[in-house]
>>> print(open('start-v5.cif').read())   # mmCIF, C-alpha atoms; chains and numbers go by the auth columns
data_upload
loop_
_atom_site.group_PDB
_atom_site.id
_atom_site.type_symbol
_atom_site.label_atom_id
_atom_site.label_comp_id
_atom_site.label_asym_id
_atom_site.label_seq_id
_atom_site.Cartn_x
_atom_site.Cartn_y
_atom_site.Cartn_z
_atom_site.B_iso_or_equiv
_atom_site.auth_seq_id
_atom_site.auth_asym_id
ATOM 1 C CA MET A 1 69.830 -42.387 124.040 0.00 293 A
ATOM 2 C CA ARG A 2 68.795 -43.794 127.426 0.00 294 A
ATOM 3 C CA ASN A 3 65.157 -44.778 127.860 0.00 295 A
ATOM 4 C CA LYS A 4 63.836 -42.468 130.560 0.00 296 A
ATOM 5 C CA THR A 5 61.778 -44.014 133.349 0.00 297 A
ATOM 6 C CA THR A 6 58.579 -42.313 134.453 0.00 298 A
ATOM 7 C CA LEU A 7 58.391 -42.803 138.188 0.00 299 A
ATOM 8 C CA LYS A 8 55.042 -43.850 139.631 0.00 300 A
ATOM 9 C CA ILE A 9 54.278 -41.907 142.795 0.00 301 A
ATOM 10 C CA GLY A 10 51.458 -42.621 145.234 0.00 302 A
ATOM 11 C CA LEU A 11 50.009 -39.616 147.053 0.00 303 A
ATOM 12 C CA THR A 12 47.721 -40.383 149.945 0.00 304 A
ATOM 13 C CA GLY A 13 46.517 -39.186 153.328 0.00 305 A
ATOM 14 C CA ASN A 14 43.605 -39.700 155.648 0.00 306 A
ATOM 15 C CA ILE A 15 40.250 -38.037 155.051 0.00 307 A
ATOM 16 C CA GLY A 16 40.462 -34.272 155.461 0.00 308 A
ATOM 17 C CA SER A 17 44.259 -34.173 155.285 0.00 309 A
ATOM 18 C CA GLY A 18 44.231 -32.029 152.151 0.00 310 A
ATOM 19 C CA LYS A 19 45.827 -34.507 149.763 0.00 311 A
ATOM 20 C CA THR A 20 43.814 -33.216 146.791 0.00 312 A
ATOM 21 C CA THR A 21 45.006 -29.671 147.470 0.00 313 A
ATOM 22 C CA VAL A 22 48.593 -30.926 147.555 0.00 314 A
ATOM 23 C CA ALA A 23 48.022 -32.882 144.329 0.00 315 A
ATOM 24 C CA ARG A 24 46.927 -29.670 142.619 0.00 316 A
ATOM 25 C CA LEU A 25 50.163 -27.984 143.666 0.00 317 A
ATOM 26 C CA PHE A 26 52.094 -30.757 141.911 0.00 318 A
ATOM 27 C CA GLU A 27 49.884 -30.221 138.852 0.00 319 A
ATOM 28 C CA VAL A 28 50.863 -26.528 138.818 0.00 320 A
ATOM 29 C CA LEU A 29 54.473 -27.747 138.553 0.00 321 A
ATOM 30 C CA GLY A 30 53.516 -29.717 135.438 0.00 322 A
ATOM 31 C CA VAL A 31 53.203 -33.116 137.083 0.00 323 A
ATOM 32 C CA PRO A 32 50.441 -35.372 135.695 0.00 324 A
ATOM 33 C CA VAL A 33 48.020 -36.439 138.450 0.00 325 A
ATOM 34 C CA PHE A 34 45.549 -39.312 138.352 0.00 326 A
ATOM 35 C CA TYR A 35 42.691 -38.682 140.795 0.00 327 A
ATOM 36 C CA ALA A 36 41.685 -42.215 141.777 0.00 328 A
ATOM 37 C CA ASP A 37 38.721 -41.201 143.935 0.00 329 A
ATOM 38 C CA THR A 38 37.229 -39.149 141.095 0.00 330 A
ATOM 39 C CA VAL A 39 37.589 -42.096 138.722 0.00 331 A
ATOM 40 C CA ALA A 40 36.049 -44.396 141.345 0.00 332 A
ATOM 41 C CA LYS A 41 33.008 -42.128 141.643 0.00 333 A
ATOM 42 C CA SER A 42 32.614 -42.094 137.861 0.00 334 A
ATOM 43 C CA PHE A 43 32.160 -45.873 137.894 0.00 335 A
ATOM 44 C CA LEU A 44 29.018 -45.501 140.012 0.00 336 A
ATOM 45 C CA VAL A 45 27.101 -44.506 136.865 0.00 337 A
ATOM 46 C CA ASP A 46 28.323 -47.554 134.935 0.00 338 A
ATOM 47 C CA PRO A 47 25.301 -49.909 134.527 0.00 339 A
ATOM 48 C CA LEU A 48 27.355 -53.050 135.214 0.00 340 A
ATOM 49 C CA VAL A 49 28.936 -51.558 138.319 0.00 341 A
ATOM 50 C CA LYS A 50 25.548 -50.337 139.537 0.00 342 A
ATOM 51 C CA GLN A 51 24.137 -53.833 139.054 0.00 343 A
ATOM 52 C CA GLU A 52 26.976 -55.412 141.064 0.00 344 A
ATOM 53 C CA ILE A 53 26.573 -52.874 143.868 0.00 345 A
ATOM 54 C CA VAL A 54 22.817 -53.387 144.069 0.00 346 A
ATOM 55 C CA LEU A 55 23.235 -57.179 144.080 0.00 347 A
ATOM 56 C CA GLY A 56 25.820 -56.953 146.841 0.00 348 A
ATOM 57 C CA LEU A 57 24.462 -54.147 148.999 0.00 349 A
ATOM 58 C CA GLY A 58 20.759 -54.014 148.242 0.00 350 A
ATOM 59 C CA SER A 59 18.379 -51.743 146.358 0.00 351 A
ATOM 60 C CA GLN A 60 18.405 -49.159 149.160 0.00 352 A
ATOM 61 C CA VAL A 61 21.589 -47.694 147.643 0.00 353 A
ATOM 62 C CA VAL A 62 19.545 -46.487 144.651 0.00 354 A
ATOM 63 C CA GLY A 63 18.055 -43.009 145.020 0.00 355 A
ATOM 64 C CA ALA A 64 14.731 -41.680 143.762 0.00 356 A
ATOM 65 C CA ASN A 65 16.377 -40.662 140.468 0.00 357 A
ATOM 66 C CA GLY A 66 17.472 -44.243 139.781 0.00 358 A
ATOM 67 C CA ALA A 67 21.174 -43.531 140.368 0.00 359 A
ATOM 68 C CA ILE A 68 23.418 -44.746 143.169 0.00 360 A
ATOM 69 C CA ASP A 69 22.948 -42.403 146.131 0.00 361 A
ATOM 70 C CA ARG A 70 26.500 -41.770 147.306 0.00 362 A
ATOM 71 C CA LYS A 71 25.464 -40.531 150.745 0.00 363 A
ATOM 72 C CA ILE A 72 23.384 -43.653 151.436 0.00 364 A
ATOM 73 C CA LEU A 73 26.154 -45.823 149.992 0.00 365 A
ATOM 74 C CA ALA A 74 28.720 -44.202 152.301 0.00 366 A
ATOM 75 C CA TYR A 75 26.468 -44.644 155.325 0.00 367 A
ATOM 76 C CA ILE A 76 26.022 -48.367 154.569 0.00 368 A
ATOM 77 C CA VAL A 77 29.645 -49.273 153.851 0.00 369 A
ATOM 78 C CA PHE A 78 31.224 -47.194 156.612 0.00 370 A
ATOM 79 C CA ASN A 79 29.066 -48.973 159.154 0.00 371 A
ATOM 80 C CA ASP A 80 29.787 -52.500 157.904 0.00 372 A
ATOM 81 C CA PRO A 81 33.356 -53.695 157.194 0.00 373 A
ATOM 82 C CA ALA A 82 32.173 -56.581 155.002 0.00 374 A
ATOM 83 C CA LYS A 83 30.123 -54.280 152.783 0.00 375 A
ATOM 84 C CA LEU A 84 32.998 -51.807 152.501 0.00 376 A
ATOM 85 C CA ALA A 85 35.275 -54.652 151.421 0.00 377 A
ATOM 86 C CA LEU A 86 32.683 -55.743 148.861 0.00 378 A
ATOM 87 C CA LEU A 87 32.370 -52.242 147.411 0.00 379 A
ATOM 88 C CA ASN A 88 36.154 -51.927 147.211 0.00 380 A
ATOM 89 C CA SER A 89 36.369 -55.290 145.425 0.00 381 A
ATOM 90 C CA ILE A 90 33.961 -53.968 142.782 0.00 382 A
ATOM 91 C CA ILE A 91 35.510 -50.528 142.277 0.00 383 A
ATOM 92 C CA HIS A 92 39.248 -50.805 142.944 0.00 384 A
ATOM 93 C CA PRO A 93 40.212 -53.319 140.215 0.00 385 A
ATOM 94 C CA ARG A 94 38.486 -51.135 137.612 0.00 386 A
ATOM 95 C CA VAL A 95 40.266 -48.012 138.838 0.00 387 A
ATOM 96 C CA ARG A 96 43.605 -49.791 138.678 0.00 388 A
ATOM 97 C CA VAL A 97 43.035 -50.812 135.062 0.00 389 A
ATOM 98 C CA VAL A 98 42.303 -47.185 134.154 0.00 390 A
ATOM 99 C CA PHE A 99 45.412 -46.050 136.061 0.00 391 A
ATOM 100 C CA HIS A 100 47.721 -48.526 134.331 0.00 392 A
ATOM 101 C CA ASN A 101 46.397 -47.450 130.931 0.00 393 A
ATOM 102 C CA TRP A 102 46.814 -43.790 131.931 0.00 394 A
ATOM 103 C CA ILE A 103 50.383 -44.176 133.209 0.00 395 A
ATOM 104 C CA ASP A 104 51.406 -45.800 129.914 0.00 396 A
ATOM 105 C CA GLY A 105 50.756 -42.449 128.256 0.00 397 A
ATOM 106 C CA MET A 106 52.975 -40.503 130.653 0.00 398 A
ATOM 107 C CA ALA A 107 56.356 -41.553 129.218 0.00 399 A
ATOM 108 C CA SER A 108 57.392 -37.947 128.567 0.00 400 A
ATOM 109 C CA SER A 109 57.104 -37.007 132.266 0.00 401 A
ATOM 110 C CA ASP A 110 59.777 -37.484 134.927 0.00 402 A
ATOM 111 C CA TYR A 111 57.119 -38.772 137.273 0.00 403 A
ATOM 112 C CA ALA A 112 53.345 -39.076 137.564 0.00 404 A
ATOM 113 C CA ILE A 113 51.156 -39.200 140.651 0.00 405 A
ATOM 114 C CA MET A 114 48.148 -41.252 141.677 0.00 406 A
ATOM 115 C CA GLU A 115 46.167 -39.423 144.360 0.00 407 A
ATOM 116 C CA ALA A 116 44.105 -41.948 146.309 0.00 408 A
ATOM 117 C CA ALA A 117 42.660 -42.429 149.781 0.00 409 A
ATOM 118 C CA ILE A 118 43.762 -45.939 150.772 0.00 410 A
ATOM 119 C CA ILE A 119 46.985 -46.752 148.926 0.00 411 A
ATOM 120 C CA PHE A 120 48.534 -48.567 151.902 0.00 412 A
ATOM 121 C CA GLU A 121 45.329 -50.123 153.251 0.00 413 A
ATOM 122 C CA SER A 122 44.537 -51.635 149.838 0.00 414 A
ATOM 123 C CA GLY A 123 48.023 -53.084 149.376 0.00 415 A
ATOM 124 C CA PHE A 124 48.543 -51.006 146.220 0.00 416 A
ATOM 125 C CA ALA A 125 51.573 -49.133 147.606 0.00 417 A
ATOM 126 C CA ALA A 126 53.912 -51.804 146.221 0.00 418 A
ATOM 127 C CA ASN A 127 53.065 -50.590 142.704 0.00 419 A
ATOM 128 C CA PHE A 128 54.725 -47.214 143.300 0.00 420 A
ATOM 129 C CA ASP A 129 58.351 -46.155 143.193 0.00 421 A
ATOM 130 C CA LYS A 130 57.786 -43.673 146.013 0.00 422 A
ATOM 131 C CA THR A 131 54.906 -42.647 148.249 0.00 423 A
ATOM 132 C CA ILE A 132 53.897 -39.275 149.702 0.00 424 A
ATOM 133 C CA VAL A 133 51.604 -38.908 152.705 0.00 425 A
ATOM 134 C CA VAL A 134 49.771 -35.690 153.560 0.00 426 A
ATOM 135 C CA SER A 135 49.297 -35.478 157.307 0.00 427 A
ATOM 136 C CA ALA A 136 47.143 -33.274 159.537 0.00 428 A
ATOM 137 C CA PRO A 137 45.879 -33.464 163.141 0.00 429 A
ATOM 138 C CA LEU A 138 42.698 -35.477 163.641 0.00 430 A
ATOM 139 C CA GLN A 139 40.528 -32.616 164.912 0.00 431 A
ATOM 140 C CA GLN A 140 41.510 -30.418 161.973 0.00 432 A
ATOM 141 C CA ARG A 141 40.678 -33.222 159.561 0.00 433 A
ATOM 142 C CA ILE A 142 37.293 -33.798 161.171 0.00 434 A
ATOM 143 C CA GLN A 143 36.406 -30.109 161.016 0.00 435 A
ATOM 144 C CA ARG A 144 37.463 -29.846 157.370 0.00 436 A
ATOM 145 C CA VAL A 145 35.310 -32.784 156.314 0.00 437 A
ATOM 146 C CA MET A 146 32.311 -31.628 158.337 0.00 438 A
ATOM 147 C CA LEU A 147 32.470 -28.274 156.533 0.00 439 A
ATOM 148 C CA ARG A 148 33.263 -29.740 153.115 0.00 440 A
ATOM 149 C CA ASP A 149 30.638 -32.489 153.098 0.00 441 A
ATOM 150 C CA SER A 150 28.054 -30.999 155.478 0.00 442 A
ATOM 151 C CA ALA A 151 28.625 -34.164 157.489 0.00 443 A
ATOM 152 C CA SER A 152 28.102 -34.823 161.179 0.00 444 A
ATOM 153 C CA HIS A 153 30.969 -35.609 163.546 0.00 445 A
ATOM 154 C CA ASP A 154 29.756 -39.233 163.785 0.00 446 A
ATOM 155 C CA GLU A 155 29.626 -39.598 159.991 0.00 447 A
ATOM 156 C CA VAL A 156 33.217 -38.410 159.655 0.00 448 A
ATOM 157 C CA MET A 157 34.419 -40.650 162.485 0.00 449 A
ATOM 158 C CA ALA A 158 32.765 -43.654 160.808 0.00 450 A
ATOM 159 C CA ARG A 159 35.134 -43.101 157.874 0.00 451 A
ATOM 160 C CA VAL A 160 38.149 -42.323 160.039 0.00 452 A
ATOM 161 C CA ARG A 161 37.826 -45.681 161.801 0.00 453 A
ATOM 162 C CA TYR A 162 38.511 -47.531 158.550 0.00 454 A
ATOM 163 C CA GLN A 163 41.717 -45.646 157.798 0.00 455 A
ATOM 164 C CA MET A 164 45.244 -46.280 158.960 0.00 456 A
ATOM 165 C CA SER A 165 46.549 -44.151 161.817 0.00 457 A
ATOM 166 C CA GLU A 166 48.549 -41.021 161.000 0.00 458 A
ATOM 167 C CA GLU A 167 51.518 -42.526 162.832 0.00 459 A
ATOM 168 C CA LYS A 168 51.486 -45.683 160.700 0.00 460 A
ATOM 169 C CA LEU A 169 50.980 -43.774 157.456 0.00 461 A
ATOM 170 C CA THR A 170 53.889 -41.434 158.076 0.00 462 A
ATOM 171 C CA GLU A 171 56.058 -44.375 159.090 0.00 463 A
ATOM 172 C CA LEU A 172 55.379 -46.143 155.779 0.00 464 A
ATOM 173 C CA ALA A 173 55.719 -43.083 153.515 0.00 465 A
ATOM 174 C CA ASP A 174 58.849 -42.020 151.680 0.00 466 A
ATOM 175 C CA PHE A 175 57.849 -38.361 152.038 0.00 467 A
ATOM 176 C CA VAL A 176 55.513 -36.601 154.477 0.00 468 A
ATOM 177 C CA ILE A 177 53.840 -33.230 153.903 0.00 469 A
ATOM 178 C CA VAL A 178 52.321 -31.691 157.036 0.00 470 A
ATOM 179 C CA ASN A 179 49.177 -29.686 156.260 0.00 471 A
ATOM 180 C CA ASP A 180 48.215 -28.359 159.689 0.00 472 A
ATOM 181 C CA ASN A 181 47.490 -24.712 158.784 0.00 473 A
ATOM 182 C CA HIS A 182 50.859 -23.762 160.275 0.00 474 A
ATOM 183 C CA SER A 183 53.527 -25.642 158.306 0.00 475 A
ATOM 184 C CA LEU A 184 54.422 -24.296 154.863 0.00 476 A
ATOM 185 C CA VAL A 185 53.205 -26.800 152.279 0.00 477 A
ATOM 186 C CA LEU A 186 54.538 -25.316 149.022 0.00 478 A
ATOM 187 C CA PRO A 187 58.245 -25.381 149.986 0.00 479 A
ATOM 188 C CA LYS A 188 57.888 -29.081 150.882 0.00 480 A
ATOM 189 C CA VAL A 189 56.175 -29.790 147.537 0.00 481 A
ATOM 190 C CA LEU A 190 58.999 -27.996 145.706 0.00 482 A
ATOM 191 C CA GLU A 191 61.596 -29.965 147.658 0.00 483 A
ATOM 192 C CA ILE A 192 59.942 -33.318 146.846 0.00 484 A
ATOM 193 C CA ASP A 193 59.506 -32.326 143.196 0.00 485 A
ATOM 194 C CA LYS A 194 63.237 -31.575 142.915 0.00 486 A
ATOM 195 C CA ILE A 195 64.173 -34.909 144.517 0.00 487 A
ATOM 196 C CA LEU A 196 61.812 -36.930 142.301 0.00 488 A
ATOM 197 C CA ARG A 197 62.929 -35.252 139.065 0.00 489 A
ATOM 198 C CA ARG A 198 66.552 -35.927 139.947 0.00 490 A
ATOM 199 C CA LEU A 199 65.724 -39.519 140.835 0.00 491 A
ATOM 200 C CA ALA A 200 63.881 -40.032 137.547 0.00 492 A
ATOM 201 C CA ARG A 201 66.753 -38.681 135.482 0.00 493 A
ATOM 202 C CA PHE A 202 69.269 -40.981 137.108 0.00 494 A
ATOM 203 C CA SER A 203 67.063 -44.081 137.334 0.00 495 A
#
>>> encode(input="start-v5.cif", output="structure tokens")
Amino acid sequence: MRNKTTLKIGLTGNIGSGKTTVARLFEVLGVPVFYADTVAKSFLVDPLVKQEIVLGLGSQVVGANGAIDRKILAYIVFNDPAKLALLNSIIHPRVRVVFHNWIDGMASSDYAIMEAAIIFESGFAANFDKTIVVSAPLQQRIQRVMLRDSASHDEVMARVRYQMSEEKLTELADFVIVNDNHSLVLPKVLEIDKILRRLARFS
């Protein structure tokens, strides 16, 4: 019997694009999804990670309760490229270790997805067999994040500036799902699912 290959799929999109919503649609179809950003946030309570962050970014990132204050952390790193790079160097390697261990347990699936914010920017895209980008107009994305995070327009734009342009993302992706409140998302998810399952079975 042929050893079946589990395809590794990267699912990404700029802030407010709706990539997590799309990831959940794939989950409904029985596709395992690794939520990289959720795992990254979980590391903020790790004592060793907290120590590295405080050493690199200063004690101001610690809130009154003694934990890393994510809002303060975001404000600091999204206003200083060097500090953002430092934070990523602390968190990303740990997330990747967890992902590689996780994917090893997905051998029974045709494909598995990592949902993450900066797959292309971080250079991690080369680790995937295929990539999917969720795209939406900038103003829609800004409004979504302002509502979701109770953030100001300037706070959202500070994050947007560190992400790749929509044009570049869609150029690099193998598949693009437009989530602009007009295009139908589910039919596109079903189409991609069919293609990936067929690809996995003949790979």
>>> atom_distance(input="start-v5.cif", atom1="atom CA of Glu447 of chain A", atom2="atom CA of Pro373 of chain A")
14.8 Å
>>> closest_residue(input="start-v5.cif", among="A:Lys342, A:Ala366, A:Leu488, A:Lys333", to="Val448 of chain A", atoms="only C-alpha atoms")
A:Ala366
>>> residues_around(input="start-v5.cif", residues="segment 400-409 of chain A", least_positions_apart="4", cutoff="9 Å", atoms="all atoms listed in the file", output="VMD selection string")
chain A and resid 296 to 307 311 to 312 315 318 322 to 329 391 395 413 455 488 to 493
>>> atom_distance(input="start-v5.cif", atom1="atom CA of Asp472 of chain A", atom2="atom CA of Leu439 of chain A")
16.1 Å
>>> atom_distance(input="start-v5.cif", atom1="atom CA of Asn371 of chain A", atom2="atom CA of Glu344 of chain A")
19.3 Å
>>> axis_aligned_box(input="start-v5.cif", around="segment 369-384 of chain A", padding_each_side="6 Å", output="JSON")
{"center_x": 34.2, "center_y": -51.9, "center_z": 150.7, "size_x": 22.2, "size_y": 21.4, "size_z": 28.9}
>>> resolve_selection(input="start-v5.cif", expression="the PyMOL selection byres ((chain A and resi 461) around 10)", output="JSON, numbers by chain")
{"A": [304, 305, 306, 411, 412, 413, 424, 425, 426, 427, 455, 456, 457, 458, 459, 460, 462, 463, 464, 465, 466, 468]}
>>> resolve_selection(input="start-v5.cif", expression="the PyMOL selection byres ((chain A and resi 348-356) around 12)", output="ChimeraX atom specification")
/A:336-337,341-347,357-369,372,374-382
>>> resolve_selection(input="start-v5.cif", expression="the PyMOL selection byres ((chain A and resi 477) around 12)", output="PyMOL selection string")
chain A and resi 309-311+313-318+426-428+468-476+478-484
>>> closest_residue(input="start-v5.cif", among="A:Met449, A:Val331, A:Ile383, A:Leu340", to="Arg433 of chain A", atoms="only C-alpha atoms")
A:Met449
